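Q: For reference, this is query19.csv, and it has CSV, C-alpha atoms (C1' of nucleotides) and all ligand atoms.
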```csv
chain,number,residue,atom,x,y,z
S,218,MET,CA,-29.9,-16.9,6.5
S,219,GLN,CA,-29.2,-14.6,3.7
S,220,LYS,CA,-29.5,-10.9,4.5
S,221,GLN,CA,-32.7,-9.8,2.9
S,222,GLU,CA,-32.0,-6.6,1.0
S,223,THR,CA,-34.8,-4.3,0.2
S,224,LEU,CA,-34.4,-3.2,-3.3
S,225,SER,CA,-35.4,0.3,-4.5
S,226,ARG,CA,-37.7,0.9,-7.4
S,227,ASN,CA,-35.1,1.1,-10.1
S,228,GLN,CA,-33.1,-1.8,-8.7
S,229,LYS,CA,-36.3,-4.0,-8.8
S,230,ILE,CA,-37.1,-3.0,-12.3
S,231,ILE,CA,-33.7,-3.8,-13.5
S,232,LEU,CA,-33.2,-7.0,-11.5
S,233,ASP,CA,-36.6,-8.1,-12.8
S,234,LEU,CA,-35.5,-7.7,-16.4
S,235,ILE,CA,-32.2,-9.5,-15.9
S,236,GLU,CA,-33.9,-12.4,-14.1
S,237,LYS,CA,-36.3,-12.8,-17.0
S,238,SER,CA,-33.4,-13.4,-19.3
S,239,ASP,CA,-31.4,-16.6,-18.9
S,240,GLN,CA,-28.6,-14.9,-20.8
S,241,PRO,CA,-26.4,-11.9,-19.9
S,242,LEU,CA,-27.8,-8.5,-20.8
S,243,LYS,CA,-25.7,-5.4,-21.6
S,244,ALA,CA,-26.2,-2.1,-19.8
S,245,TYR,CA,-27.4,-0.2,-22.8
S,246,SER,CA,-29.8,-2.9,-23.9
S,247,ILE,CA,-31.2,-2.8,-20.4
S,248,LEU,CA,-31.5,0.9,-20.6
S,249,PHE,CA,-33.4,0.6,-23.8
S,250,ASP,CA,-35.8,-1.9,-22.3
S,251,VAL,CA,-36.5,0.1,-19.1
S,252,LYS,CA,-37.1,3.4,-20.8
S,253,LYS,CA,-40.8,2.6,-20.9
S,254,LYS,CA,-40.7,2.4,-17.1
S,255,GLY,CA,-39.2,5.8,-16.8
S,256,ILE,CA,-35.5,5.0,-16.4
S,257,ASN,CA,-33.9,7.3,-18.9
S,258,ALA,CA,-30.2,7.7,-18.3
S,259,PRO,CA,-27.2,5.3,-18.4
S,260,LEU,CA,-26.2,6.3,-14.9
S,261,GLN,CA,-29.5,5.1,-13.5
S,262,VAL,CA,-28.9,1.7,-15.0
S,263,TYR,CA,-25.3,1.5,-13.9
S,264,ARG,CA,-26.1,2.5,-10.3
S,265,ALA,CA,-28.7,-0.2,-10.1
S,266,LEU,CA,-26.3,-2.7,-11.7
S,267,ASP,CA,-23.5,-1.8,-9.2
S,268,LYS,CA,-25.8,-2.3,-6.3
S,269,LEU,CA,-27.2,-5.6,-7.6
S,270,VAL,CA,-23.7,-6.9,-8.2
S,271,GLU,CA,-22.6,-5.8,-4.8
S,272,ILE,CA,-25.4,-7.7,-3.1
S,273,GLY,CA,-24.9,-10.8,-5.3
S,274,LYS,CA,-28.2,-10.7,-7.1
S,275,ILE,CA,-26.4,-10.5,-10.4
S,276,HIS,CA,-22.9,-11.0,-11.7
S,277,LYS,CA,-20.9,-9.2,-14.3
S,278,ILE,CA,-19.4,-11.3,-17.1
S,279,GLU,CA,-16.2,-9.3,-17.4
S,280,SER,CA,-15.1,-10.6,-20.8
S,281,ARG,CA,-18.5,-9.6,-22.2
S,282,ASN,CA,-19.4,-6.5,-20.3
S,283,ALA,CA,-22.7,-8.0,-19.5
S,284,PHE,CA,-24.8,-8.9,-16.5
S,285,ILE,CA,-26.5,-12.1,-15.6
S,286,ALA,CA,-28.8,-13.1,-12.7
S,287,CYS,CA,-27.5,-15.4,-10.0
S,288,LYS,CA,-29.6,-18.5,-9.5
S,289,ASN,CA,-27.8,-19.5,-6.4
S,290,SER,CA,-29.1,-18.4,-3.1
S,291,LYS,CA,-25.9,-18.9,-1.2
S,292,CYS,CA,-24.7,-15.3,-0.6
S,293,GLN,CA,-21.0,-16.2,-0.5
S,294,ILE,CA,-21.2,-17.2,-4.1
S,295,ALA,CA,-21.5,-13.5,-5.1
S,296,LYS,CA,-17.8,-13.1,-4.7
S,297,ALA,CA,-16.7,-16.4,-6.1
S,298,THR,CA,-18.1,-16.9,-9.6
S,299,VAL,CA,-17.4,-19.5,-12.4
S,300,PHE,CA,-18.9,-19.2,-15.8
S,301,SER,CA,-18.7,-21.2,-19.0
S,302,ILE,CA,-19.0,-19.2,-22.2
S,303,CYS,CA,-19.5,-20.5,-25.7
S,304,GLU,CA,-17.4,-18.6,-28.1
S,305,SER,CA,-19.7,-19.4,-31.0
S,306,CYS,CA,-23.3,-18.8,-29.7
S,307,GLU,CA,-22.2,-16.7,-26.7
S,308,ASP,CA,-24.3,-18.9,-24.4
S,309,VAL,CA,-23.3,-18.3,-20.8
S,310,THR,CA,-23.8,-20.6,-17.8
S,311,GLU,CA,-22.9,-20.2,-14.2
S,312,ILE,CA,-21.1,-23.2,-12.9
S,313,HIS,CA,-21.5,-24.4,-9.3
S,314,ASP,CA,-19.0,-27.2,-8.8
S,315,HIS,CA,-18.2,-27.9,-5.2
S,316,LYS,CA,-14.8,-29.4,-5.7
S,317,LEU,CA,-13.7,-26.6,-8.0
S,318,SER,CA,-15.0,-24.0,-5.6
S,319,GLU,CA,-13.2,-25.5,-2.7
S,320,HIS,CA,-10.0,-25.7,-4.7
S,321,LEU,CA,-10.3,-22.1,-5.6
S,322,ARG,CA,-11.4,-20.9,-2.2
S,323,ASN,CA,-8.4,-22.6,-0.7
S,324,PHE,CA,-5.9,-21.5,-3.2
S,325,LYS,CA,-2.9,-19.7,-1.8
S,326,ASP,CA,-0.3,-18.1,-3.9
S,327,ASN,CA,3.4,-17.7,-2.9
S,328,LYS,CA,3.1,-14.0,-2.2
S,329,GLY,CA,1.0,-14.1,0.9
S,330,MET,CA,-1.9,-12.5,-0.7
S,331,LYS,CA,-5.3,-12.8,0.9
S,332,TYR,CA,-8.1,-13.3,-1.5
S,333,ASN,CA,-11.7,-12.5,-0.8
S,334,LYS,CA,-13.1,-13.0,-4.2
S,335,TYR,CA,-12.4,-14.6,-7.6
S,336,ASN,CA,-13.9,-14.8,-11.1
S,337,LEU,CA,-13.3,-17.6,-13.5
S,338,GLU,CA,-14.4,-17.7,-17.1
S,339,PHE,CA,-14.1,-20.8,-19.2
S,340,PHE,CA,-14.3,-20.5,-23.0
S,341,GLY,CA,-15.1,-23.1,-25.5
S,342,LEU,CA,-17.8,-24.5,-27.6
S,343,CYS,CA,-21.1,-25.7,-26.2
S,344,LYS,CA,-22.7,-29.0,-27.3
S,345,LYS,CA,-24.9,-27.3,-29.9
S,346,CYS,CA,-21.9,-25.5,-31.5
S,347,ILE,CA,-19.3,-28.3,-31.6
M,287,MET,CA,9.6,-25.3,-29.8
M,288,GLN,CA,7.4,-22.3,-29.6
M,289,LYS,CA,6.3,-20.9,-32.9
M,290,GLN,CA,8.5,-17.8,-33.5
M,291,GLU,CA,6.2,-15.0,-34.6
M,292,THR,CA,7.7,-12.1,-36.5
M,293,LEU,CA,6.2,-9.0,-35.2
M,294,SER,CA,5.5,-5.9,-37.3
M,295,ARG,CA,6.8,-2.5,-36.5
M,296,ASN,CA,3.7,-1.3,-34.5
M,297,GLN,CA,3.4,-4.6,-32.7
M,298,LYS,CA,7.1,-4.4,-31.7
M,299,ILE,CA,6.8,-0.9,-30.4
M,300,ILE,CA,3.7,-1.7,-28.4
M,301,LEU,CA,5.0,-5.0,-27.0
M,302,ASP,CA,8.2,-3.2,-26.1
M,303,LEU,CA,6.3,-0.7,-24.0
M,304,ILE,CA,4.2,-3.3,-22.3
M,305,GLU,CA,7.2,-5.4,-21.5
M,306,LYS,CA,8.9,-2.5,-19.9
M,307,SER,CA,6.1,-2.1,-17.4
M,308,ASP,CA,5.5,-4.8,-14.8
M,309,GLN,CA,2.0,-3.6,-14.4
M,310,PRO,CA,-0.9,-3.6,-16.9
M,311,LEU,CA,-1.3,-0.7,-19.2
M,312,LYS,CA,-4.5,0.6,-20.7
M,313,ALA,CA,-4.9,1.1,-24.4
M,314,TYR,CA,-5.2,4.8,-24.4
M,315,SER,CA,-2.2,5.2,-22.1
M,316,ILE,CA,-0.3,3.1,-24.5
M,317,LEU,CA,-1.6,5.3,-27.3
M,318,PHE,CA,-0.3,8.4,-25.5
M,319,ASP,CA,3.1,6.9,-25.0
M,320,VAL,CA,3.6,5.7,-28.6
M,321,LYS,CA,2.5,8.9,-30.3
M,322,LYS,CA,6.1,10.0,-30.3
M,323,LYS,CA,6.8,6.9,-32.4
M,324,GLY,CA,4.2,7.8,-35.0
M,325,ILE,CA,1.3,5.7,-33.8
M,326,ASN,CA,-1.5,8.2,-33.8
M,327,ALA,CA,-4.8,6.3,-33.7
M,328,PRO,CA,-6.6,4.0,-31.2
M,329,LEU,CA,-7.2,1.5,-33.9
M,330,GLN,CA,-3.5,1.1,-34.5
M,331,VAL,CA,-3.0,0.3,-30.8
M,332,TYR,CA,-6.0,-2.1,-30.6
M,333,ARG,CA,-4.9,-3.9,-33.7
M,334,ALA,CA,-1.5,-4.5,-32.2
M,335,LEU,CA,-3.0,-5.5,-28.9
M,336,ASP,CA,-5.3,-8.0,-30.5
M,337,LYS,CA,-2.4,-9.6,-32.3
M,338,LEU,CA,-0.2,-9.7,-29.3
M,339,VAL,CA,-3.0,-11.3,-27.2
M,340,GLU,CA,-3.6,-13.8,-30.0
M,341,ILE,CA,0.0,-15.0,-30.0
M,342,GLY,CA,0.2,-15.0,-26.2
M,343,LYS,CA,2.8,-12.2,-25.8
M,344,ILE,CA,0.4,-10.3,-23.6
M,345,HIS,CA,-2.8,-10.9,-21.7
M,346,LYS,CA,-5.8,-8.8,-21.2
M,347,ILE,CA,-6.9,-8.3,-17.6
M,348,GLU,CA,-10.6,-8.4,-18.3
M,349,SER,CA,-11.8,-6.8,-15.1
M,350,ARG,CA,-9.5,-3.8,-15.7
M,351,ASN,CA,-9.4,-3.4,-19.4
M,352,ALA,CA,-5.7,-3.5,-19.3
M,353,PHE,CA,-2.9,-5.4,-20.9
M,354,ILE,CA,0.2,-7.0,-19.3
M,355,ALA,CA,3.1,-8.9,-20.8
M,356,CYS,CA,3.4,-12.6,-20.3
M,357,LYS,CA,6.6,-13.7,-18.7
M,358,ASN,CA,6.0,-17.4,-19.3
M,359,SER,CA,7.5,-18.8,-22.5
M,360,LYS,CA,5.2,-21.8,-22.6
M,361,CYS,CA,2.9,-21.0,-25.5
M,362,GLN,CA,-0.1,-23.0,-24.2
M,363,ILE,CA,-0.3,-20.6,-21.3
M,364,ALA,CA,-1.6,-17.9,-23.6
M,365,LYS,CA,-5.1,-19.3,-23.3
M,366,ALA,CA,-5.1,-20.3,-19.7
M,367,THR,CA,-4.4,-17.4,-17.5
M,368,VAL,CA,-4.5,-16.8,-13.8
M,369,PHE,CA,-4.0,-13.4,-12.2
M,370,SER,CA,-4.1,-12.0,-8.7
M,371,ILE,CA,-5.2,-8.4,-8.4
M,372,CYS,CA,-4.9,-6.2,-5.3
M,373,GLU,CA,-8.0,-4.2,-4.9
M,374,SER,CA,-6.2,-1.5,-3.1
M,375,CYS,CA,-3.0,-0.8,-5.0
M,376,GLU,CA,-4.2,-2.5,-8.2
M,377,ASP,CA,-1.0,-4.6,-8.4
M,378,VAL,CA,-1.4,-7.4,-10.8
M,379,THR,CA,0.6,-10.6,-10.8
M,380,GLU,CA,0.3,-13.6,-13.2
M,381,ILE,CA,0.1,-16.8,-11.3
M,382,HIS,CA,1.7,-20.0,-12.6
M,383,ASP,CA,0.6,-22.8,-10.3
M,384,HIS,CA,1.0,-26.2,-11.8
M,385,LYS,CA,-1.6,-27.9,-9.5
M,386,LEU,CA,-4.2,-25.2,-10.1
M,387,SER,CA,-3.6,-25.2,-13.9
M,388,GLU,CA,-4.0,-29.0,-14.0
M,389,HIS,CA,-7.2,-28.7,-12.0
M,390,LEU,CA,-8.6,-26.1,-14.4
M,391,ARG,CA,-7.3,-27.8,-17.5
M,392,ASN,CA,-9.0,-31.0,-16.5
M,393,PHE,CA,-12.3,-29.5,-15.4
M,394,LYS,CA,-15.4,-30.8,-17.0
M,395,ASP,CA,-18.8,-29.4,-16.5
M,396,ASN,CA,-21.9,-31.4,-16.6
M,397,LYS,CA,-23.0,-30.0,-20.0
M,398,GLY,CA,-20.5,-31.6,-22.2
M,399,MET,CA,-18.8,-28.4,-23.0
M,400,LYS,CA,-15.4,-28.5,-24.5
M,401,TYR,CA,-13.1,-25.8,-23.1
M,402,ASN,CA,-10.1,-24.5,-24.9
M,403,LYS,CA,-9.3,-21.6,-22.7
M,404,TYR,CA,-9.9,-20.0,-19.4
M,405,ASN,CA,-9.3,-16.8,-17.4
M,406,LEU,CA,-9.2,-16.7,-13.7
M,407,GLU,CA,-8.8,-13.5,-11.7
M,408,PHE,CA,-8.3,-13.5,-7.9
M,409,PHE,CA,-9.1,-10.3,-6.0
M,410,GLY,CA,-7.9,-9.4,-2.6
M,411,LEU,CA,-5.2,-7.4,-0.7
M,412,CYS,CA,-1.6,-7.8,-1.3
M,413,LYS,CA,1.0,-8.0,1.5
M,414,LYS,CA,1.7,-4.3,1.4
M,415,CYS,CA,-2.0,-3.3,1.5
M,416,ILE,CA,-3.2,-5.6,4.2
U,150,DT,C1',10.2,-12.2,-60.8
U,151,DT,C1',5.8,-11.4,-61.6
U,152,DA,C1',1.1,-12.1,-59.9
U,153,DA,C1',-2.0,-13.2,-56.4
U,154,DT,C1',-2.9,-13.3,-51.5
U,155,DT,C1',-2.5,-12.0,-46.9
U,156,DT,C1',-1.2,-8.9,-43.5
U,157,DT,C1',-0.3,-4.6,-41.8
U,158,DT,C1',-0.8,0.2,-41.9
U,159,DG,C1',-3.0,4.9,-42.0
U,160,DT,C1',-7.0,7.6,-41.4
U,161,DT,C1',-11.6,9.5,-40.3
U,162,DA,C1',-15.6,8.7,-38.1
U,163,DT,C1',-18.4,6.6,-34.8
U,164,DA,C1',-20.1,3.1,-31.6
U,165,DA,C1',-20.3,1.1,-27.0
U,166,DT,C1',-19.2,1.3,-22.2
U,167,DA,C1',-18.9,3.9,-18.0
U,168,DT,C1',-18.4,7.9,-14.7
U,169,DA,C1',-18.3,13.0,-12.8
U,170,DA,C1',-20.7,16.5,-10.8
U,171,DC,C1',-24.6,18.5,-8.9
U,172,DA,C1',-29.3,19.1,-7.1
U,173,DT,C1',-33.1,16.9,-5.0
U,174,DA,C1',-36.0,13.3,-2.8
U,175,DA,C1',-36.8,9.3,-0.1
U,176,DT,C1',-35.5,6.4,3.6
U,177,DG,C1',-33.5,4.9,7.9
U,178,DT,C1',-32.1,6.0,12.7
U,179,DA,C1',-31.3,8.4,17.1
N,170,DT,C1',-37.5,16.2,15.0
N,171,DA,C1',-32.8,16.3,13.3
N,172,DC,C1',-29.3,13.8,11.3
N,173,DA,C1',-27.3,10.6,8.3
N,174,DT,C1',-27.6,7.6,4.5
N,175,DT,C1',-29.2,6.0,0.3
N,176,DA,C1',-31.4,6.5,-4.0
N,177,DT,C1',-33.0,9.4,-7.8
N,178,DG,C1',-32.9,12.6,-11.8
N,179,DT,C1',-30.3,15.1,-15.1
N,180,DT,C1',-26.7,16.9,-18.1
N,181,DA,C1',-22.4,16.5,-19.6
N,182,DT,C1',-18.3,14.0,-20.4
N,183,DA,C1',-14.8,10.3,-20.1
N,184,DT,C1',-13.2,5.9,-21.4
N,185,DT,C1',-13.0,1.8,-24.2
N,186,DA,C1',-13.5,-0.2,-28.7
N,187,DT,C1',-14.8,-0.9,-33.6
N,188,DA,C1',-16.6,0.2,-38.6
N,189,DA,C1',-15.4,1.3,-43.1
N,190,DC,C1',-12.3,2.4,-46.6
N,191,DA,C1',-7.8,3.0,-49.1
N,192,DA,C1',-3.1,2.0,-49.6
N,193,DA,C1',1.4,-0.1,-48.6
N,194,DA,C1',4.2,-4.0,-47.3
N,195,DA,C1',5.2,-8.7,-46.8
N,196,DT,C1',4.4,-13.5,-48.0
N,197,DT,C1',3.3,-17.2,-51.1
N,198,DA,C1',3.1,-19.6,-55.3
N,199,DA,C1',3.0,-19.9,-59.9
H,1,ZN,ZN,-24.1,-16.7,-8.8
H,2,ZN,ZN,-22.7,-22.5,-28.4
H,3,ZN,ZN,1.1,-15.6,-19.3
H,4,ZN,ZN,-1.8,-3.8,-2.8
```
Could you write out this structure as structure tokens?
A:
Amino acid sequence: MQKQETLSRNQKIILDLIEKSDQPLKAYSILFDVKKKGINAPLQVYRALDKLVEIGKIHKIESRNAFIACKNSKCQIAKATVFSICESCEDVTEIHDHKLSEHLRNFKDNKGMKYNKYNLEFFGLCKKCI
Amino acid sequence: MQKQETLSRNQKIILDLIEKSDQPLKAYSILFDVKKKGINAPLQVYRALDKLVEIGKIHKIESRNAFIACKNSKCQIAKATVFSICESCEDVTEIHDHKLSEHLRNFKDNKGMKYNKYNLEFFGLCKKCI
DNA sequence: TTAATTTTTGTTATAATATAACATAATGTA
DNA sequence: TACATTATGTTATATTATAACAAAAATTAA
């Protein structure tokens, strides 16, 4: 079973917002949206985001500095993410491909490095934008 | 043959600096270092970085907002990068693994998306830091 | 070799992203 | 309770990146 984290008030508010969007949100756009709920400072947002990323409820899209909710309940996935990003409309989709995940999870470099996490971002054009 | 780009003065200065480092450099640390050569503004650095990324001479490590020289002369690699990153000492290494590259290059999602580029970052502990 | 075009540069200002430092409150645990 | 841990609120500041405009240099194409 997945460890059930109890979220704090700010964390809940911000997770809620991110989960309502199917696309990544940026920190300052989140800040703007939660001001009506009494969250006033960037740091309050970033602290909640950090925590939510840490427990795998959301992921950061590194190339976009944006945050998207994870739809997958498997906790391990928090540290092993694959995204596809349309460079035209900026649509982002999390990819869950068993074979690809296995391949990446089992990858060993020739330096003896021990990986505990990876992030893969594919870029291209989505169906609509081709 | 690889297209031989002629670099401008600023581009050369900045590429030179990045190539001398085996680890990623951040834009403002680059700016600090090239001030003695008459490059005074962030934009001058970012413009050169953009160009160098575009032609594949350097790559951006997205999770670190830093730039590293590409050692691989195959031009295609510019848009298909794999890095390993030590979360303790921050050592970054570009990975060239034929099998992994093939796997990624051939990956097709179930959305009909056409990829022209990807970036993969592995995180863990290097030998020294284990 | 001029004229048009594109690329690069220089410069100032500002936008966007993220963290430091400190004080306090709430929560979990022995 | 007492202690430790986690979360909050707040102000200030650090870091990363781009906008807008003018001018110079390099390239291309009559
Ligand atoms: Zn996920
Ligand atoms: Zn699209
Ligand atoms: Zn490379
Ligand atoms: Zn290390």
Q: Using all atoms listed in the file, find the residues of chain M whose closest atom to chain N is at most 9 Å away, then write them as a list in words.
A: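 Output check: Ala313, Tyr314, Pro328, Leu329, Tyr332 and Asn351 of chain M.
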Q: Would you mind listing the residues within 10 Å of ligand ZN 4 (chain H), counting only C-alpha atoms (C1' of nucleotides) and all ligand atoms, as an NGL selection string?
A: (:S and (330)) or (:M and (371-378 or 410-416))
Q: With all atoms listed in the file counted, collect every polymer residue having an atom within 12 Å of ligand ZN 1 (chain H); state the result as a PyMOL selection string.
A: chain S and resi 236+269-278+284-300+310-314+335-337
Q: Over every C-alpha pair, in sequence order, do a least-squares fit of chain M onto chain S and save the fitted chain as an mmCIF file with C-alpha atoms, in the frame of the given file.
A:
```cif
data_model
loop_
_atom_site.group_PDB
_atom_site.id
_atom_site.type_symbol
_atom_site.label_atom_id
_atom_site.label_comp_id
_atom_site.auth_asym_id
_atom_site.auth_seq_id
_atom_site.Cartn_x
_atom_site.Cartn_y
_atom_site.Cartn_z
ATOM 1 C CA MET M 287 -29.979 -16.837 6.728
ATOM 2 C CA GLN M 288 -29.141 -14.630 3.846
ATOM 3 C CA LYS M 289 -29.365 -10.950 4.530
ATOM 4 C CA GLN M 290 -32.676 -9.796 2.945
ATOM 5 C CA GLU M 291 -31.930 -6.646 0.980
ATOM 6 C CA THR M 292 -34.795 -4.314 0.190
ATOM 7 C CA LEU M 293 -34.404 -3.181 -3.290
ATOM 8 C CA SER M 294 -35.413 0.266 -4.559
ATOM 9 C CA ARG M 295 -37.753 0.840 -7.402
ATOM 10 C CA ASN M 296 -35.039 1.109 -10.162
ATOM 11 C CA GLN M 297 -33.114 -1.815 -8.760
ATOM 12 C CA LYS M 298 -36.314 -3.935 -8.767
ATOM 13 C CA ILE M 299 -37.157 -3.071 -12.313
ATOM 14 C CA ILE M 300 -33.659 -3.803 -13.529
ATOM 15 C CA LEU M 301 -33.250 -7.044 -11.562
ATOM 16 C CA ASP M 302 -36.648 -8.091 -12.845
ATOM 17 C CA LEU M 303 -35.502 -7.719 -16.425
ATOM 18 C CA ILE M 304 -32.256 -9.511 -15.868
ATOM 19 C CA GLU M 305 -33.965 -12.353 -14.121
ATOM 20 C CA LYS M 306 -36.307 -12.804 -16.980
ATOM 21 C CA SER M 307 -33.449 -13.439 -19.362
ATOM 22 C CA ASP M 308 -31.330 -16.563 -18.966
ATOM 23 C CA GLN M 309 -28.578 -14.903 -20.843
ATOM 24 C CA PRO M 310 -26.476 -11.837 -19.924
ATOM 25 C CA LEU M 311 -27.716 -8.453 -20.857
ATOM 26 C CA LYS M 312 -25.654 -5.392 -21.605
ATOM 27 C CA ALA M 313 -26.234 -2.128 -19.843
ATOM 28 C CA TYR M 314 -27.416 -0.159 -22.760
ATOM 29 C CA SER M 315 -29.804 -2.909 -23.847
ATOM 30 C CA ILE M 316 -31.168 -2.849 -20.394
ATOM 31 C CA LEU M 317 -31.426 0.923 -20.669
ATOM 32 C CA PHE M 318 -33.447 0.575 -23.883
ATOM 33 C CA ASP M 319 -35.811 -1.892 -22.338
ATOM 34 C CA VAL M 320 -36.511 0.093 -19.141
ATOM 35 C CA LYS M 321 -37.120 3.437 -20.809
ATOM 36 C CA LYS M 322 -40.783 2.579 -20.929
ATOM 37 C CA LYS M 323 -40.617 2.376 -17.129
ATOM 38 C CA GLY M 324 -39.158 5.852 -16.784
ATOM 39 C CA ILE M 325 -35.490 5.009 -16.473
ATOM 40 C CA ASN M 326 -33.957 7.355 -18.971
ATOM 41 C CA ALA M 327 -30.229 7.618 -18.233
ATOM 42 C CA PRO M 328 -27.210 5.241 -18.328
ATOM 43 C CA LEU M 329 -26.232 6.310 -14.893
ATOM 44 C CA GLN M 330 -29.517 5.126 -13.473
ATOM 45 C CA VAL M 331 -28.910 1.672 -14.984
ATOM 46 C CA TYR M 332 -25.235 1.491 -13.860
ATOM 47 C CA ARG M 333 -26.139 2.555 -10.379
ATOM 48 C CA ALA M 334 -28.655 -0.234 -10.131
ATOM 49 C CA LEU M 335 -26.254 -2.697 -11.652
ATOM 50 C CA ASP M 336 -23.529 -1.812 -9.224
ATOM 51 C CA LYS M 337 -25.866 -2.357 -6.316
ATOM 52 C CA LEU M 338 -27.200 -5.585 -7.601
ATOM 53 C CA VAL M 339 -23.638 -6.912 -8.199
ATOM 54 C CA GLU M 340 -22.680 -5.765 -4.703
ATOM 55 C CA ILE M 341 -25.441 -7.774 -3.048
ATOM 56 C CA GLY M 342 -24.858 -10.787 -5.297
ATOM 57 C CA LYS M 343 -28.210 -10.712 -7.173
ATOM 58 C CA ILE M 344 -26.360 -10.522 -10.451
ATOM 59 C CA HIS M 345 -22.871 -11.038 -11.781
ATOM 60 C CA LYS M 346 -20.901 -9.200 -14.311
ATOM 61 C CA ILE M 347 -19.387 -11.300 -17.089
ATOM 62 C CA GLU M 348 -16.167 -9.362 -17.340
ATOM 63 C CA SER M 349 -15.075 -10.564 -20.746
ATOM 64 C CA ARG M 350 -18.437 -9.500 -22.235
ATOM 65 C CA ASN M 351 -19.426 -6.481 -20.294
ATOM 66 C CA ALA M 352 -22.688 -8.055 -19.527
ATOM 67 C CA PHE M 353 -24.778 -8.865 -16.529
ATOM 68 C CA ILE M 354 -26.612 -12.115 -15.630
ATOM 69 C CA ALA M 355 -28.771 -13.041 -12.672
ATOM 70 C CA CYS M 356 -27.489 -15.396 -10.056
ATOM 71 C CA LYS M 357 -29.609 -18.434 -9.523
ATOM 72 C CA ASN M 358 -27.739 -19.587 -6.427
ATOM 73 C CA SER M 359 -29.179 -18.402 -3.114
ATOM 74 C CA LYS M 360 -25.958 -18.926 -1.204
ATOM 75 C CA CYS M 361 -24.788 -15.386 -0.540
ATOM 76 C CA GLN M 362 -21.050 -16.217 -0.388
ATOM 77 C CA ILE M 363 -21.230 -17.178 -4.028
ATOM 78 C CA ALA M 364 -21.583 -13.542 -4.990
ATOM 79 C CA LYS M 365 -17.832 -13.105 -4.799
ATOM 80 C CA ALA M 366 -16.718 -16.386 -6.196
ATOM 81 C CA THR M 367 -18.042 -16.908 -9.619
ATOM 82 C CA VAL M 368 -17.445 -19.427 -12.332
ATOM 83 C CA PHE M 369 -18.907 -19.158 -15.819
ATOM 84 C CA SER M 370 -18.664 -21.122 -19.029
ATOM 85 C CA ILE M 371 -19.028 -19.122 -22.211
ATOM 86 C CA CYS M 372 -19.538 -20.533 -25.717
ATOM 87 C CA GLU M 373 -17.460 -18.629 -28.130
ATOM 88 C CA SER M 374 -19.773 -19.373 -30.934
ATOM 89 C CA CYS M 375 -23.302 -18.807 -29.681
ATOM 90 C CA GLU M 376 -22.200 -16.716 -26.684
ATOM 91 C CA ASP M 377 -24.289 -18.864 -24.294
ATOM 92 C CA VAL M 378 -23.313 -18.254 -20.767
ATOM 93 C CA THR M 379 -23.854 -20.638 -17.892
ATOM 94 C CA GLU M 380 -22.889 -20.168 -14.191
ATOM 95 C CA ILE M 381 -21.073 -23.158 -12.906
ATOM 96 C CA HIS M 382 -21.515 -24.381 -9.328
ATOM 97 C CA ASP M 383 -18.968 -27.128 -8.776
ATOM 98 C CA HIS M 384 -18.294 -27.826 -5.166
ATOM 99 C CA LYS M 385 -14.832 -29.436 -5.767
ATOM 100 C CA LEU M 386 -13.677 -26.605 -8.016
ATOM 101 C CA SER M 387 -14.978 -23.904 -5.605
ATOM 102 C CA GLU M 388 -13.149 -25.572 -2.692
ATOM 103 C CA HIS M 389 -9.993 -25.715 -4.777
ATOM 104 C CA LEU M 390 -10.237 -22.012 -5.622
ATOM 105 C CA ARG M 391 -11.359 -20.977 -2.178
ATOM 106 C CA ASN M 392 -8.377 -22.685 -0.655
ATOM 107 C CA PHE M 393 -5.783 -21.493 -3.144
ATOM 108 C CA LYS M 394 -2.811 -19.695 -1.805
ATOM 109 C CA ASP M 395 -0.207 -18.051 -3.876
ATOM 110 C CA ASN M 396 3.340 -17.761 -2.900
ATOM 111 C CA LYS M 397 3.096 -14.004 -2.154
ATOM 112 C CA GLY M 398 1.038 -14.083 0.913
ATOM 113 C CA MET M 399 -1.904 -12.530 -0.731
ATOM 114 C CA LYS M 400 -5.218 -12.751 0.939
ATOM 115 C CA TYR M 401 -8.061 -13.381 -1.523
ATOM 116 C CA ASN M 402 -11.625 -12.514 -0.834
ATOM 117 C CA LYS M 403 -13.039 -13.076 -4.236
ATOM 118 C CA TYR M 404 -12.466 -14.590 -7.581
ATOM 119 C CA ASN M 405 -13.858 -14.768 -11.135
ATOM 120 C CA LEU M 406 -13.245 -17.616 -13.421
ATOM 121 C CA GLU M 407 -14.458 -17.716 -17.016
ATOM 122 C CA PHE M 408 -14.145 -20.847 -19.204
ATOM 123 C CA PHE M 409 -14.300 -20.401 -22.981
ATOM 124 C CA GLY M 410 -15.048 -23.046 -25.481
ATOM 125 C CA LEU M 411 -17.875 -24.569 -27.623
ATOM 126 C CA CYS M 412 -21.071 -25.715 -26.223
ATOM 127 C CA LYS M 413 -22.765 -28.995 -27.229
ATOM 128 C CA LYS M 414 -24.864 -27.340 -29.884
ATOM 129 C CA CYS M 415 -21.915 -25.470 -31.465
ATOM 130 C CA ILE M 416 -19.394 -28.236 -31.560
#
```
Q: Could you build a table of the residues in chain M lying no more than 12 Å from chain U, giving for each the nearest pair of atoms and their separation in Å rounded to one decimal place, using all atoms listed in the file, ordered by chain and ascending residue number, as CSV?
A:
```
residue,atom,partner,partner_atom,distance
M:Thr292,CA,U:DT156,C1',11.8
M:Leu293,CA,U:DT157,C1',10.3
M:Ser294,CA,U:DT157,C1',7.5
M:Arg295,CA,U:DT157,C1',9.1
M:Asn296,CA,U:DT158,C1',8.8
M:Gln297,CA,U:DT157,C1',9.8
M:Gly324,CA,U:DG159,C1',10.5
M:Ile325,CA,U:DG159,C1',9.3
M:Asn326,CA,U:DG159,C1',9.0
M:Ala327,CA,U:DT160,C1',8.1
M:Pro328,CA,U:DT160,C1',10.8
M:Leu329,CA,U:DT160,C1',9.7
M:Gln330,CA,U:DT158,C1',7.9
M:Val331,CA,U:DT158,C1',11.3
M:Arg333,CA,U:DT157,C1',9.3
M:Ala334,CA,U:DT157,C1',9.7
M:Lys337,CA,U:DT157,C1',10.9
M:Asn351,CA,U:DT166,C1',11.2
```
